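Student: Next up, coords20.csv (CSV, C-alpha atoms and all ligand atoms).
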```csv
chain,number,residue,atom,x,y,z
G,931,MET,CA,-56.5,0.1,-98.8
G,932,THR,CA,-58.0,2.3,-96.2
G,933,THR,CA,-60.8,4.6,-96.8
G,934,ALA,CA,-61.3,8.0,-95.2
G,935,PRO,CA,-64.2,8.1,-92.8
G,936,ASN,CA,-67.3,9.7,-94.1
G,937,PRO,CA,-67.9,12.9,-92.1
G,938,THR,CA,-71.6,12.6,-92.5
G,939,SER,CA,-71.5,9.2,-90.7
G,940,ILE,CA,-70.5,11.0,-87.4
G,941,LYS,CA,-73.6,11.8,-85.3
G,942,PRO,CA,-73.6,15.5,-84.6
G,943,GLY,CA,-74.5,15.0,-80.9
G,944,VAL,CA,-71.6,12.6,-80.2
G,945,PHE,CA,-69.2,14.9,-82.0
G,946,ARG,CA,-70.3,17.9,-80.0
G,947,THR,CA,-69.9,16.1,-76.7
G,948,HIS,CA,-66.3,15.2,-77.4
G,949,ALA,CA,-65.3,18.5,-78.8
G,950,THR,CA,-66.5,20.5,-75.8
G,951,ARG,CA,-65.5,18.2,-72.9
G,952,LEU,CA,-62.5,19.6,-70.8
G,953,PRO,CA,-59.8,17.2,-69.8
G,954,ARG,CA,-60.4,16.3,-66.1
G,955,LEU,CA,-57.8,18.1,-64.0
G,956,ARG,CA,-55.2,15.8,-62.3
G,957,MET,CA,-53.1,16.1,-59.2
G,958,LYS,CA,-50.2,14.3,-57.5
G,959,ALA,CA,-51.1,12.1,-54.6
G,960,LEU,CA,-49.6,9.4,-52.4
G,961,VAL,CA,-51.9,6.5,-52.9
G,962,ARG,CA,-52.3,3.0,-51.4
G,963,ASP,CA,-53.6,0.9,-54.2
G,964,GLY,CA,-53.9,-2.8,-53.6
G,965,ASN,CA,-50.9,-3.5,-51.4
G,966,GLN,CA,-48.7,-0.9,-53.1
G,967,VAL,CA,-48.0,2.6,-52.0
G,968,SER,CA,-46.9,5.0,-54.8
G,969,VAL,CA,-47.2,8.6,-56.0
G,970,GLN,CA,-49.8,8.7,-58.7
G,971,LEU,CA,-51.6,11.2,-60.8
G,972,MET,CA,-55.2,11.2,-59.6
G,973,PRO,CA,-58.3,13.1,-60.6
G,974,ARG,CA,-58.5,16.4,-58.8
G,975,PRO,CA,-61.3,16.1,-56.3
G,976,GLU,CA,-64.5,18.1,-57.2
G,977,LEU,CA,-67.2,19.3,-54.8
G,978,THR,CA,-69.2,16.3,-53.8
G,979,ASP,CA,-72.2,18.4,-52.7
G,980,ALA,CA,-73.4,21.9,-51.9
G,981,ARG,CA,-71.9,21.6,-48.3
G,982,SER,CA,-68.5,20.5,-49.2
G,983,VAL,CA,-65.2,22.4,-49.9
G,984,VAL,CA,-62.1,21.8,-51.8
G,985,VAL,CA,-58.9,22.7,-50.0
G,986,ARG,CA,-55.4,23.2,-51.6
G,987,VAL,CA,-53.1,21.4,-49.2
G,988,THR,CA,-50.1,23.4,-47.9
G,989,VAL,CA,-48.3,20.9,-45.6
G,990,ALA,CA,-49.4,17.5,-44.3
G,991,GLY,CA,-47.9,15.6,-41.4
G,992,LEU,CA,-47.2,11.9,-41.2
G,993,CYS,CA,-48.3,10.0,-38.2
G,994,ARG,CA,-48.5,6.4,-37.0
G,995,THR,CA,-52.0,5.9,-38.3
G,996,ASP,CA,-50.8,6.7,-41.9
G,997,LEU,CA,-48.1,4.1,-41.6
G,998,TYR,CA,-50.6,1.5,-40.3
G,999,ALA,CA,-52.8,2.4,-43.2
G,1000,ALA,CA,-49.9,2.1,-45.7
G,1001,ASP,CA,-48.9,-1.2,-44.2
G,1002,GLY,CA,-52.4,-2.6,-44.4
G,1003,LYS,CA,-52.7,-2.9,-40.6
G,1004,ILE,CA,-55.8,-0.7,-40.8
G,1005,LYS,CA,-58.4,-1.6,-43.4
G,1006,THR,CA,-58.9,1.2,-45.8
G,1007,ILE,CA,-60.9,1.9,-48.9
G,1008,ASP,CA,-59.0,0.8,-52.0
G,1009,PRO,CA,-57.4,2.8,-53.5
G,1010,VAL,CA,-57.0,5.5,-50.9
G,1011,ILE,CA,-55.0,8.7,-50.8
G,1012,LEU,CA,-53.2,8.6,-47.4
G,1013,GLY,CA,-52.9,11.4,-44.8
G,1014,HIS,CA,-55.1,13.2,-42.3
G,1015,GLU,CA,-53.1,16.0,-40.7
G,1016,PHE,CA,-52.7,19.2,-42.7
G,1017,SER,CA,-53.2,22.9,-43.2
G,1018,GLY,CA,-54.3,24.4,-46.5
G,1019,VAL,CA,-56.2,27.1,-48.3
G,1020,ILE,CA,-59.9,27.0,-49.4
G,1021,ASP,CA,-59.9,26.6,-53.1
G,1022,GLU,CA,-63.6,26.1,-53.9
G,1023,ILE,CA,-66.8,26.1,-51.8
G,1024,GLY,CA,-70.3,24.5,-52.3
G,1025,ALA,CA,-73.3,26.7,-52.9
G,1026,GLU,CA,-74.6,26.2,-49.3
G,1027,VAL,CA,-71.3,26.8,-47.5
G,1028,ASP,CA,-71.2,29.9,-45.3
G,1029,ASN,CA,-68.6,29.2,-42.6
G,1030,VAL,CA,-65.5,29.7,-44.8
G,1031,LYS,CA,-64.5,31.7,-47.8
G,1032,VAL,CA,-62.2,30.9,-50.8
G,1033,GLY,CA,-58.6,31.9,-50.0
G,1034,GLN,CA,-59.0,31.3,-46.2
G,1035,ARG,CA,-56.3,29.3,-44.4
G,1036,VAL,CA,-57.8,26.3,-42.6
G,1037,THR,CA,-57.2,22.9,-41.1
G,1038,VAL,CA,-59.7,20.1,-40.4
G,1039,ASN,CA,-60.9,17.6,-37.9
G,1040,PRO,CA,-60.2,14.4,-39.9
G,1041,ASN,CA,-62.7,12.3,-37.9
G,1042,LEU,CA,-65.9,12.9,-39.8
G,1043,PRO,CA,-69.2,12.1,-38.0
G,1044,CYS,CA,-72.1,10.5,-40.0
G,1045,LEU,CA,-74.6,13.3,-39.0
G,1046,ASN,CA,-77.4,10.7,-38.9
G,1047,CYS,CA,-77.0,8.5,-35.9
G,1048,GLN,CA,-78.6,9.0,-32.4
G,1049,TYR,CA,-75.3,10.5,-31.1
G,1050,CYS,CA,-74.9,12.9,-34.1
G,1051,ARG,CA,-78.6,14.0,-33.8
G,1052,ALA,CA,-77.8,14.8,-30.1
G,1053,ASN,CA,-74.8,16.9,-31.3
G,1054,ALA,CA,-72.5,14.4,-29.6
G,1055,PHE,CA,-70.4,14.2,-32.8
G,1056,ASP,CA,-67.3,12.9,-31.0
G,1057,THR,CA,-69.1,9.7,-30.0
G,1058,CYS,CA,-70.5,8.9,-33.5
G,1059,GLN,CA,-70.1,5.2,-34.0
G,1060,ASN,CA,-70.3,5.5,-37.8
G,1061,SER,CA,-67.6,8.1,-38.2
G,1062,THR,CA,-65.2,7.9,-41.1
G,1063,PHE,CA,-61.5,9.0,-41.1
G,1064,LEU,CA,-59.5,10.8,-43.7
G,1065,GLY,CA,-56.8,8.7,-45.3
G,1066,VAL,CA,-58.6,5.5,-44.2
G,1067,ASP,CA,-62.3,5.5,-45.1
G,1068,ARG,CA,-62.1,8.4,-47.6
G,1069,CYS,CA,-59.3,10.1,-49.5
G,1070,GLY,CA,-56.8,12.0,-47.4
G,1071,CYS,CA,-54.4,14.9,-47.6
G,1072,PHE,CA,-51.1,13.6,-49.1
G,1073,ALA,CA,-52.1,15.3,-52.3
G,1074,GLU,CA,-52.4,18.7,-53.9
G,1075,PHE,CA,-56.2,19.0,-53.1
G,1076,ILE,CA,-58.7,17.4,-50.8
G,1077,CYS,CA,-62.5,17.6,-50.7
G,1078,VAL,CA,-64.1,17.5,-47.2
G,1079,PRO,CA,-67.5,18.5,-45.7
G,1080,ALA,CA,-67.5,22.2,-44.7
G,1081,GLY,CA,-68.5,21.2,-41.1
G,1082,THR,CA,-65.1,19.6,-40.5
G,1083,ILE,CA,-63.2,22.8,-41.4
G,1084,LEU,CA,-61.5,24.9,-38.8
G,1085,PRO,CA,-60.5,28.4,-39.9
G,1086,LEU,CA,-57.0,29.5,-38.8
G,1087,PRO,CA,-55.8,32.8,-37.3
G,1088,ASP,CA,-53.3,34.7,-39.4
G,1089,THR,CA,-50.6,34.3,-36.8
G,1090,ILE,CA,-50.4,30.5,-36.8
G,1091,SER,CA,-47.7,29.0,-39.1
G,1092,ASP,CA,-48.7,26.4,-41.7
G,1093,LEU,CA,-46.6,23.7,-39.9
G,1094,ALA,CA,-48.1,24.5,-36.5
G,1095,ALA,CA,-51.6,24.4,-38.0
G,1096,ALA,CA,-50.9,21.0,-39.5
G,1097,TYR,CA,-50.1,19.9,-35.9
G,1098,THR,CA,-53.6,20.6,-34.7
G,1099,GLU,CA,-54.8,17.0,-34.9
G,1100,PRO,CA,-52.0,15.5,-32.7
G,1101,VAL,CA,-52.5,18.3,-30.2
G,1102,ALA,CA,-56.3,17.7,-30.1
G,1103,ALA,CA,-55.6,14.0,-29.6
G,1104,SER,CA,-53.2,14.7,-26.7
G,1105,LEU,CA,-55.7,17.1,-25.1
G,1106,ALA,CA,-58.1,14.2,-24.8
G,1107,VAL,CA,-56.1,13.0,-21.8
G,1108,LEU,CA,-57.6,15.8,-19.7
G,1109,LYS,CA,-60.9,13.9,-19.9
G,1110,ALA,CA,-59.4,11.5,-17.4
G,1111,GLY,CA,-59.9,14.1,-14.7
G,1112,PHE,CA,-56.6,13.9,-12.8
G,1113,ARG,CA,-55.7,16.9,-10.7
G,1114,ARG,CA,-52.8,19.3,-10.8
G,1115,GLU,CA,-51.3,18.3,-7.5
G,1116,GLU,CA,-51.4,14.6,-8.3
G,1117,LYS,CA,-48.3,12.8,-9.3
G,1118,GLY,CA,-48.3,11.9,-13.0
G,1119,MET,CA,-46.1,9.9,-15.4
G,1120,ILE,CA,-45.9,10.2,-19.1
G,1121,TYR,CA,-44.7,6.9,-20.3
G,1122,GLY,CA,-42.0,6.9,-23.0
G,1123,ASN,CA,-39.5,9.5,-24.2
G,1124,ASN,CA,-40.5,10.4,-27.8
G,1125,ARG,CA,-42.2,13.3,-29.6
G,1126,PHE,CA,-45.6,12.2,-28.3
G,1127,SER,CA,-44.4,12.4,-24.7
G,1128,GLN,CA,-42.7,15.8,-25.3
G,1129,LEU,CA,-45.9,17.2,-26.8
G,1130,MET,CA,-47.9,15.7,-23.9
G,1131,GLU,CA,-45.5,17.3,-21.4
G,1132,GLN,CA,-45.8,20.7,-23.1
G,1133,ILE,CA,-49.6,20.5,-23.0
G,1134,LEU,CA,-49.8,19.4,-19.4
G,1135,ARG,CA,-47.5,22.2,-18.4
G,1136,ALA,CA,-49.5,24.7,-20.4
G,1137,TYR,CA,-52.4,23.7,-18.1
G,1138,ASP,CA,-50.3,23.9,-15.0
G,1139,PHE,CA,-49.9,20.2,-14.4
G,1140,ASN,CA,-46.3,20.3,-13.2
G,1141,ASN,CA,-46.0,17.3,-10.9
G,1142,ILE,CA,-45.1,15.1,-13.9
G,1143,THR,CA,-42.3,12.8,-14.9
G,1144,VAL,CA,-41.5,11.8,-18.5
G,1145,PHE,CA,-40.5,8.2,-18.1
G,1146,ASP,CA,-37.6,7.0,-20.2
G,1147,THR,CA,-38.1,3.3,-20.8
G,1148,ILE,CA,-34.4,2.5,-20.6
G,1149,THR,CA,-32.9,4.7,-17.9
G,1150,ASP,CA,-35.8,5.2,-15.5
G,1151,ARG,CA,-36.9,1.6,-14.8
G,1152,GLY,CA,-36.4,2.0,-11.1
G,1153,LEU,CA,-39.4,4.3,-11.0
G,1154,LEU,CA,-41.7,1.5,-11.8
G,1155,ASP,CA,-41.4,-0.3,-8.5
G,1156,ASP,CA,-42.7,2.5,-6.3
G,1157,SER,CA,-46.4,2.0,-7.1
G,1158,SER,CA,-46.6,5.7,-6.4
G,1159,PHE,CA,-48.0,7.5,-9.5
G,1160,ASP,CA,-51.6,8.8,-9.3
G,1161,TYR,CA,-51.9,8.6,-13.1
G,1162,VAL,CA,-49.8,7.3,-16.0
G,1163,ILE,CA,-50.4,8.4,-19.6
G,1164,GLU,CA,-49.0,6.1,-22.3
G,1165,THR,CA,-47.6,7.3,-25.6
G,1166,MET,CA,-47.1,3.8,-27.3
G,1167,LEU,CA,-49.4,1.1,-26.1
G,1168,THR,CA,-47.8,-2.4,-26.1
G,1169,ASN,CA,-48.1,-5.3,-23.8
G,1170,GLU,CA,-44.8,-4.2,-22.2
G,1171,SER,CA,-45.8,-0.6,-21.7
G,1172,LEU,CA,-49.2,-1.6,-20.3
G,1173,SER,CA,-47.5,-3.9,-17.8
G,1174,ASP,CA,-45.0,-1.2,-16.8
G,1175,MET,CA,-47.9,1.3,-16.3
G,1176,VAL,CA,-49.6,-1.2,-14.0
G,1177,ARG,CA,-46.4,-1.5,-11.9
G,1178,ALA,CA,-46.0,2.3,-11.8
G,1179,ILE,CA,-49.5,3.4,-10.6
G,1180,ARG,CA,-50.6,3.4,-7.0
G,1181,PRO,CA,-53.6,1.2,-6.1
G,1182,GLY,CA,-56.7,2.8,-7.6
G,1183,GLY,CA,-54.6,5.0,-9.9
G,1184,LYS,CA,-55.6,6.1,-13.4
G,1185,MET,CA,-54.2,4.6,-16.6
G,1186,VAL,CA,-54.7,6.9,-19.5
G,1187,LEU,CA,-54.6,5.2,-22.9
G,1188,LYS,CA,-54.4,7.5,-25.8
G,1189,SER,CA,-52.2,6.1,-28.5
G,1190,ARG,CA,-54.0,4.5,-31.5
G,1191,GLN,CA,-52.8,1.0,-31.3
G,1192,TYR,CA,-54.4,-1.4,-33.8
G,1193,ASP,CA,-52.8,-4.6,-32.5
G,1194,PRO,CA,-54.7,-6.3,-29.7
G,1195,ILE,CA,-53.3,-5.9,-26.2
G,1196,ASP,CA,-53.2,-8.5,-23.4
G,1197,LEU,CA,-54.7,-7.7,-20.1
G,1198,ASN,CA,-52.8,-9.5,-17.3
G,1199,MET,CA,-55.6,-9.7,-14.7
G,1200,THR,CA,-53.3,-10.9,-11.9
G,1201,SER,CA,-51.4,-7.7,-11.8
G,1202,LEU,CA,-54.4,-5.5,-12.6
G,1203,LEU,CA,-56.5,-6.9,-9.8
G,1204,LYS,CA,-53.9,-5.9,-7.2
G,1205,LYS,CA,-53.9,-2.3,-8.4
G,1206,GLU,CA,-57.7,-1.9,-9.1
G,1207,PRO,CA,-56.8,0.8,-11.6
G,1208,VAL,CA,-59.2,3.0,-13.5
G,1209,MET,CA,-58.6,2.9,-17.2
G,1210,HIS,CA,-59.4,5.9,-19.3
G,1211,ILE,CA,-59.3,5.3,-23.0
G,1212,VAL,CA,-59.6,8.6,-24.8
G,1213,ASN,CA,-59.9,9.8,-28.4
G,1214,TYR,CA,-60.0,13.5,-29.1
G,1215,GLY,CA,-60.1,16.7,-27.1
G,1216,SER,CA,-61.1,20.1,-28.5
G,1217,PHE,CA,-59.7,21.1,-31.9
G,1218,SER,CA,-60.3,24.8,-31.3
G,1219,GLU,CA,-58.4,24.6,-28.0
G,1220,ALA,CA,-55.6,22.9,-29.9
G,1221,ILE,CA,-55.4,25.8,-32.4
G,1222,GLU,CA,-55.5,28.3,-29.5
G,1223,LEU,CA,-52.5,26.6,-27.8
G,1224,LEU,CA,-50.6,26.5,-31.0
G,1225,THR,CA,-51.4,30.1,-32.0
G,1226,THR,CA,-50.6,31.7,-28.6
G,1227,GLY,CA,-47.3,29.8,-28.3
G,1228,LYS,CA,-48.3,28.1,-25.1
G,1229,ILE,CA,-47.0,25.0,-26.8
G,1230,ASN,CA,-44.3,25.1,-29.4
G,1231,VAL,CA,-44.1,22.3,-32.0
G,1232,GLU,CA,-41.3,23.7,-34.1
G,1233,SER,CA,-38.8,21.6,-32.1
G,1234,LEU,CA,-40.9,18.4,-32.9
G,1235,VAL,CA,-40.7,18.9,-36.7
G,1236,ASP,CA,-38.3,16.7,-38.8
G,1237,GLY,CA,-38.6,18.6,-42.1
G,1238,ILE,CA,-40.8,19.1,-45.2
G,1239,TYR,CA,-40.4,16.6,-47.9
G,1240,ASP,CA,-41.7,16.0,-51.5
G,1241,LEU,CA,-44.3,13.2,-51.9
G,1242,GLU,CA,-41.8,11.4,-54.1
G,1243,ASP,CA,-39.5,11.0,-51.0
G,1244,TYR,CA,-42.1,8.9,-49.2
G,1245,LYS,CA,-40.1,5.7,-49.1
G,1246,GLN,CA,-37.2,7.3,-47.2
G,1247,VAL,CA,-39.6,9.3,-45.0
G,1248,PHE,CA,-41.7,6.3,-44.1
G,1249,ALA,CA,-38.5,4.3,-43.3
G,1250,THR,CA,-37.2,7.0,-41.0
G,1251,ALA,CA,-40.6,7.4,-39.3
G,1252,ARG,CA,-40.9,3.7,-38.6
G,1253,ASN,CA,-37.4,3.5,-37.0
G,1254,LYS,CA,-37.4,6.8,-35.1
G,1255,GLU,CA,-40.4,8.6,-33.7
G,1256,SER,CA,-38.5,11.6,-32.3
G,1257,LEU,CA,-39.6,14.1,-34.9
G,1258,LYS,CA,-42.6,14.4,-37.2
G,1259,PRO,CA,-42.0,14.6,-41.0
G,1260,PHE,CA,-44.3,16.7,-43.3
G,1261,PHE,CA,-45.1,16.5,-47.0
G,1262,SER,CA,-45.7,19.4,-49.3
G,1263,THR,CA,-46.5,19.4,-53.0
G,1264,GLY,CA,-45.7,23.1,-53.2
G,1265,ALA,CA,-49.3,23.8,-54.2
G,1266,ASN,CA,-49.4,27.0,-52.0
G,1267,ARG,CA,-45.7,28.0,-52.2
O,1301,ZN,ZN,-52.5,11.8,-36.7
O,1302,ZN,ZN,-73.1,9.7,-36.3
```
Could you quickly redo this structure as structure tokens?
Tutor:
Amino acid sequence: MTTAPNPTSIKPGVFRTHATRLPRLRMKALVRDGNQVSVQLMPRPELTDARSVVVRVTVAGLCRTDLYAADGKIKTIDPVILGHEFSGVIDEIGAEVDNVKVGQRVTVNPNLPCLNCQYCRANAFDTCQNSTFLGVDRCGCFAEFICVPAGTILPLPDTISDLAAAYTEPVAASLAVLKAGFRREEKGMIYGNNRFSQLMEQILRAYDFNNITVFDTITDRGLLDDSSFDYVIETMLTNESLSDMVRAIRPGGKMVLKSRQYDPIDLNMTSLLKKEPVMHIVNYGSFSEAIELLTTGKINVESLVDGIYDLEDYKQVFATARNKESLKPFFSTGANR
């Protein structure tokens, strides 16, 4: 026989706590958990401090870094929400945030400086050695919401499209090649024929670098034997592409390494010595300049977009992206649509 609980045995304080607590809001997210990637219901992120903001994600682009993270080639926190390229709308701001307003369209720089090291204290945030990355070291944007420090937010002009704005990070990464300091009249090669090289070509032409060849790795192999290029920019760093680049450049030429390759690369010193090349390994250019290029139409990324997919389609989208890198796929949870 069961007996009814005695209501007087329930402590009033405990009872009150349970009665008034709101259920924590949940959201859909693409998560790597252990070795598994899946769409999960996760707690909706809340403001972590007075200088953080919560953004409702509109569209989020998939890039190689996300695939490396999904495959475990890059060590991530566990579990982690994947994704680092997106545009969205500010949903909530911390008490000390004054650079953005709720309802404003934004994108972010996903490379978050620590703000404490010697480089950050000297305002050289790009060279922070303790930086963290969205979708790797903290939760990313393949979700309905994301919480980020307000300092990483870049407000968007009204005239830029959501998709173009979500392309800001790859454009800023491509702009980094200009740090190599090659000149407009010099003869340049963009190694590889893919969406990275097409974007790179558009960017170089936007800055009047017109003496450039986009090298197709299958049809243009004859170009490698001239040793005539003043600079070569790679778009997929492998042992093969590196050795081809060494063949292509003139003695003393510049090799610009920009792709985020996480596998180690061999340096064949015999061929390198004969060329005495200068290697420029670059990370990011200006994010504001990237937004400017995308807004003014000096570059057009619409032709480099594969489509917009639901998070639930991730298996198919990942498989296509691994096989073919001609176009960039995007995810949307429909949160702003
Ligand atoms: Zn990216
Ligand atoms: Zn730092």
Student: Grab me every residue within 12 Å of ligand ZN 1302 (chain O), counting all atoms listed in the file, and send it over as JSON, numbers by chain.
Tutor: {"G": [1041, 1042, 1043, 1044, 1045, 1046, 1047, 1048, 1049, 1050, 1051, 1052, 1053, 1054, 1055, 1056, 1057, 1058, 1059, 1060, 1061, 1062]}
Student: Could you turn the residues from that selection into a file that holds C-alpha atoms, as a PDB file, in the frame of the given file?
Tutor:
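For reference, again-v1.pdb as written:
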```pdb
ATOM      1  CA  ASN G1041     -62.700  12.300 -37.900  1.00  0.00           C
ATOM      2  CA  LEU G1042     -65.900  12.900 -39.800  1.00  0.00           C
ATOM      3  CA  PRO G1043     -69.200  12.100 -38.000  1.00  0.00           C
ATOM      4  CA  CYS G1044     -72.100  10.500 -40.000  1.00  0.00           C
ATOM      5  CA  LEU G1045     -74.600  13.300 -39.000  1.00  0.00           C
ATOM      6  CA  ASN G1046     -77.400  10.700 -38.900  1.00  0.00           C
ATOM      7  CA  CYS G1047     -77.000   8.500 -35.900  1.00  0.00           C
ATOM      8  CA  GLN G1048     -78.600   9.000 -32.400  1.00  0.00           C
ATOM      9  CA  TYR G1049     -75.300  10.500 -31.100  1.00  0.00           C
ATOM     10  CA  CYS G1050     -74.900  12.900 -34.100  1.00  0.00           C
ATOM     11  CA  ARG G1051     -78.600  14.000 -33.800  1.00  0.00           C
ATOM     12  CA  ALA G1052     -77.800  14.800 -30.100  1.00  0.00           C
ATOM     13  CA  ASN G1053     -74.800  16.900 -31.300  1.00  0.00           C
ATOM     14  CA  ALA G1054     -72.500  14.400 -29.600  1.00  0.00           C
ATOM     15  CA  PHE G1055     -70.400  14.200 -32.800  1.00  0.00           C
ATOM     16  CA  ASP G1056     -67.300  12.900 -31.000  1.00  0.00           C
ATOM     17  CA  THR G1057     -69.100   9.700 -30.000  1.00  0.00           C
ATOM     18  CA  CYS G1058     -70.500   8.900 -33.500  1.00  0.00           C
ATOM     19  CA  GLN G1059     -70.100   5.200 -34.000  1.00  0.00           C
ATOM     20  CA  ASN G1060     -70.300   5.500 -37.800  1.00  0.00           C
ATOM     21  CA  SER G1061     -67.600   8.100 -38.200  1.00  0.00           C
ATOM     22  CA  THR G1062     -65.200   7.900 -41.100  1.00  0.00           C
TER      23      THR G1062
END
```
Student: Pick out the residues no farther than 8 Å from ligand ZN 1301 (chain O), counting all atoms listed in the file, and list them as a list in words.
Tutor: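 The distance check yields Gly991, Leu992, Cys993, Arg994, Thr995, Asp996, His1014, Glu1015, Glu1099 and Pro1100 of chain G.
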Student: One decimal, in Å: what's the spacing between atom CA of Met1209 of chain G and atom CA of Gly1183 of chain G?
Tutor: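 Taking atom CA of Met1209 of chain G and atom CA of Gly1183 of chain G, their separation equals 8.6 Å.
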Student: Looking at G:Ile1007, G:Leu1223, G:Leu1187, G:Val1235, which one is nearest to Ile1120 of chain G, with distances taken over all atoms listed in the file?
Tutor: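 Closest candidate: G:Leu1187.
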Student: Near segment 1083-1091 of chain G, within 6 Å and counting only C-alpha atoms, which residues show up once chain neighbours fewer than 3 positions away are dropped, as an mmCIF file with C-alpha atoms, keeping the file's coordinate frame?
Tutor:
```cif
data_model
loop_
_atom_site.group_PDB
_atom_site.id
_atom_site.type_symbol
_atom_site.label_atom_id
_atom_site.label_comp_id
_atom_site.auth_asym_id
_atom_site.auth_seq_id
_atom_site.Cartn_x
_atom_site.Cartn_y
_atom_site.Cartn_z
ATOM 1 C CA ARG G 1035 -56.300 29.300 -44.400
ATOM 2 C CA VAL G 1036 -57.800 26.300 -42.600
ATOM 3 C CA THR G 1037 -57.200 22.900 -41.100
ATOM 4 C CA VAL G 1038 -59.700 20.100 -40.400
ATOM 5 C CA ALA G 1080 -67.500 22.200 -44.700
ATOM 6 C CA ALA G 1094 -48.100 24.500 -36.500
ATOM 7 C CA THR G 1225 -51.400 30.100 -32.000
#
```
Student: Which residues, written as a list in words, have at least one atom at most 7 Å from segment 1167-1175 of chain G, with all atoms listed in the file counted and residues fewer than 3 positions away on the same chain left out?
Tutor: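 Listing them by chain and then by number gives Leu1154, Val1162, Glu1164, Ala1178, Ile1179, Ser1189, Gln1191, Ile1195 and Asp1196 of chain G.
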Student: Grab the atom CA of Val1027 of chain G to atom CA of Pro1079 of chain G distance for me, in Å with one decimal place.
Tutor: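 Separation of atom CA of Val1027 of chain G and atom CA of Pro1079 of chain G: 9.3 Å.
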Student: Between atom CA of Arg981 of chain G and atom CA of Glu1026 of chain G, what is the distance, to one decimal in Å?
Tutor: 5.4 Å
Student: Which of these, G:Glu1116, G:Tyr998, G:Phe1072, G:Asp1067, has the shortest distance to Met957 of chain G once you count all atoms listed in the file?
Tutor: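 Answer, going by the shortest atom-to-atom distance: G:Phe1072.
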Student: Kindly indicate which residue among G:Val1032, G:Ser1157, G:Leu1105, G:Ser982 lies nearest to Gly1081 of chain G, using only C-alpha atoms for the distances.
Tutor: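 Closest to Gly1081 of chain G, using only C-alpha atoms: G:Ser982.
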Student: Considering all atoms listed in the file, state which residue in the set G:Thr1263, G:Tyr1214, G:Asp1243, G:Gly1118 is at the smallest distance from Val967 of chain G.
Tutor: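 Of all the options, G:Asp1243 lies closest to Val967 of chain G.
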Student: If you count all atoms listed in the file, which residues fall within 12 Å of Leu997 of chain G, apart from same-chain ones fewer than 4 positions away, as a PDB file with C-alpha atoms, in the coordinates of the input?
Tutor:
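Produced file part_30.pdb, reproduced below:
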```pdb
ATOM      1  CA  ARG G 962     -52.300   3.000 -51.400  1.00  0.00           C
ATOM      2  CA  VAL G 967     -48.000   2.600 -52.000  1.00  0.00           C
ATOM      3  CA  GLY G 991     -47.900  15.600 -41.400  1.00  0.00           C
ATOM      4  CA  LEU G 992     -47.200  11.900 -41.200  1.00  0.00           C
ATOM      5  CA  CYS G 993     -48.300  10.000 -38.200  1.00  0.00           C
ATOM      6  CA  ASP G1001     -48.900  -1.200 -44.200  1.00  0.00           C
ATOM      7  CA  GLY G1002     -52.400  -2.600 -44.400  1.00  0.00           C
ATOM      8  CA  LYS G1003     -52.700  -2.900 -40.600  1.00  0.00           C
ATOM      9  CA  ILE G1004     -55.800  -0.700 -40.800  1.00  0.00           C
ATOM     10  CA  LYS G1005     -58.400  -1.600 -43.400  1.00  0.00           C
ATOM     11  CA  THR G1006     -58.900   1.200 -45.800  1.00  0.00           C
ATOM     12  CA  LEU G1012     -53.200   8.600 -47.400  1.00  0.00           C
ATOM     13  CA  GLY G1013     -52.900  11.400 -44.800  1.00  0.00           C
ATOM     14  CA  HIS G1014     -55.100  13.200 -42.300  1.00  0.00           C
ATOM     15  CA  GLY G1065     -56.800   8.700 -45.300  1.00  0.00           C
ATOM     16  CA  VAL G1066     -58.600   5.500 -44.200  1.00  0.00           C
ATOM     17  CA  ARG G1190     -54.000   4.500 -31.500  1.00  0.00           C
ATOM     18  CA  GLN G1191     -52.800   1.000 -31.300  1.00  0.00           C
ATOM     19  CA  TYR G1192     -54.400  -1.400 -33.800  1.00  0.00           C
ATOM     20  CA  TYR G1244     -42.100   8.900 -49.200  1.00  0.00           C
ATOM     21  CA  LYS G1245     -40.100   5.700 -49.100  1.00  0.00           C
ATOM     22  CA  VAL G1247     -39.600   9.300 -45.000  1.00  0.00           C
ATOM     23  CA  PHE G1248     -41.700   6.300 -44.100  1.00  0.00           C
ATOM     24  CA  ALA G1249     -38.500   4.300 -43.300  1.00  0.00           C
ATOM     25  CA  THR G1250     -37.200   7.000 -41.000  1.00  0.00           C
ATOM     26  CA  ALA G1251     -40.600   7.400 -39.300  1.00  0.00           C
ATOM     27  CA  ARG G1252     -40.900   3.700 -38.600  1.00  0.00           C
ATOM     28  CA  ASN G1253     -37.400   3.500 -37.000  1.00  0.00           C
ATOM     29  CA  GLU G1255     -40.400   8.600 -33.700  1.00  0.00           C
TER      30      GLU G1255
END
```
Student: Out of G:Tyr1121, G:Val1176, G:Lys1228, G:Tyr1239, which residue has the shortest atom-to-atom distance to Leu1134 of chain G when counting only C-alpha atoms?
Tutor: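 Among the listed residues, the smallest separation from Leu1134 of chain G belongs to G:Lys1228.
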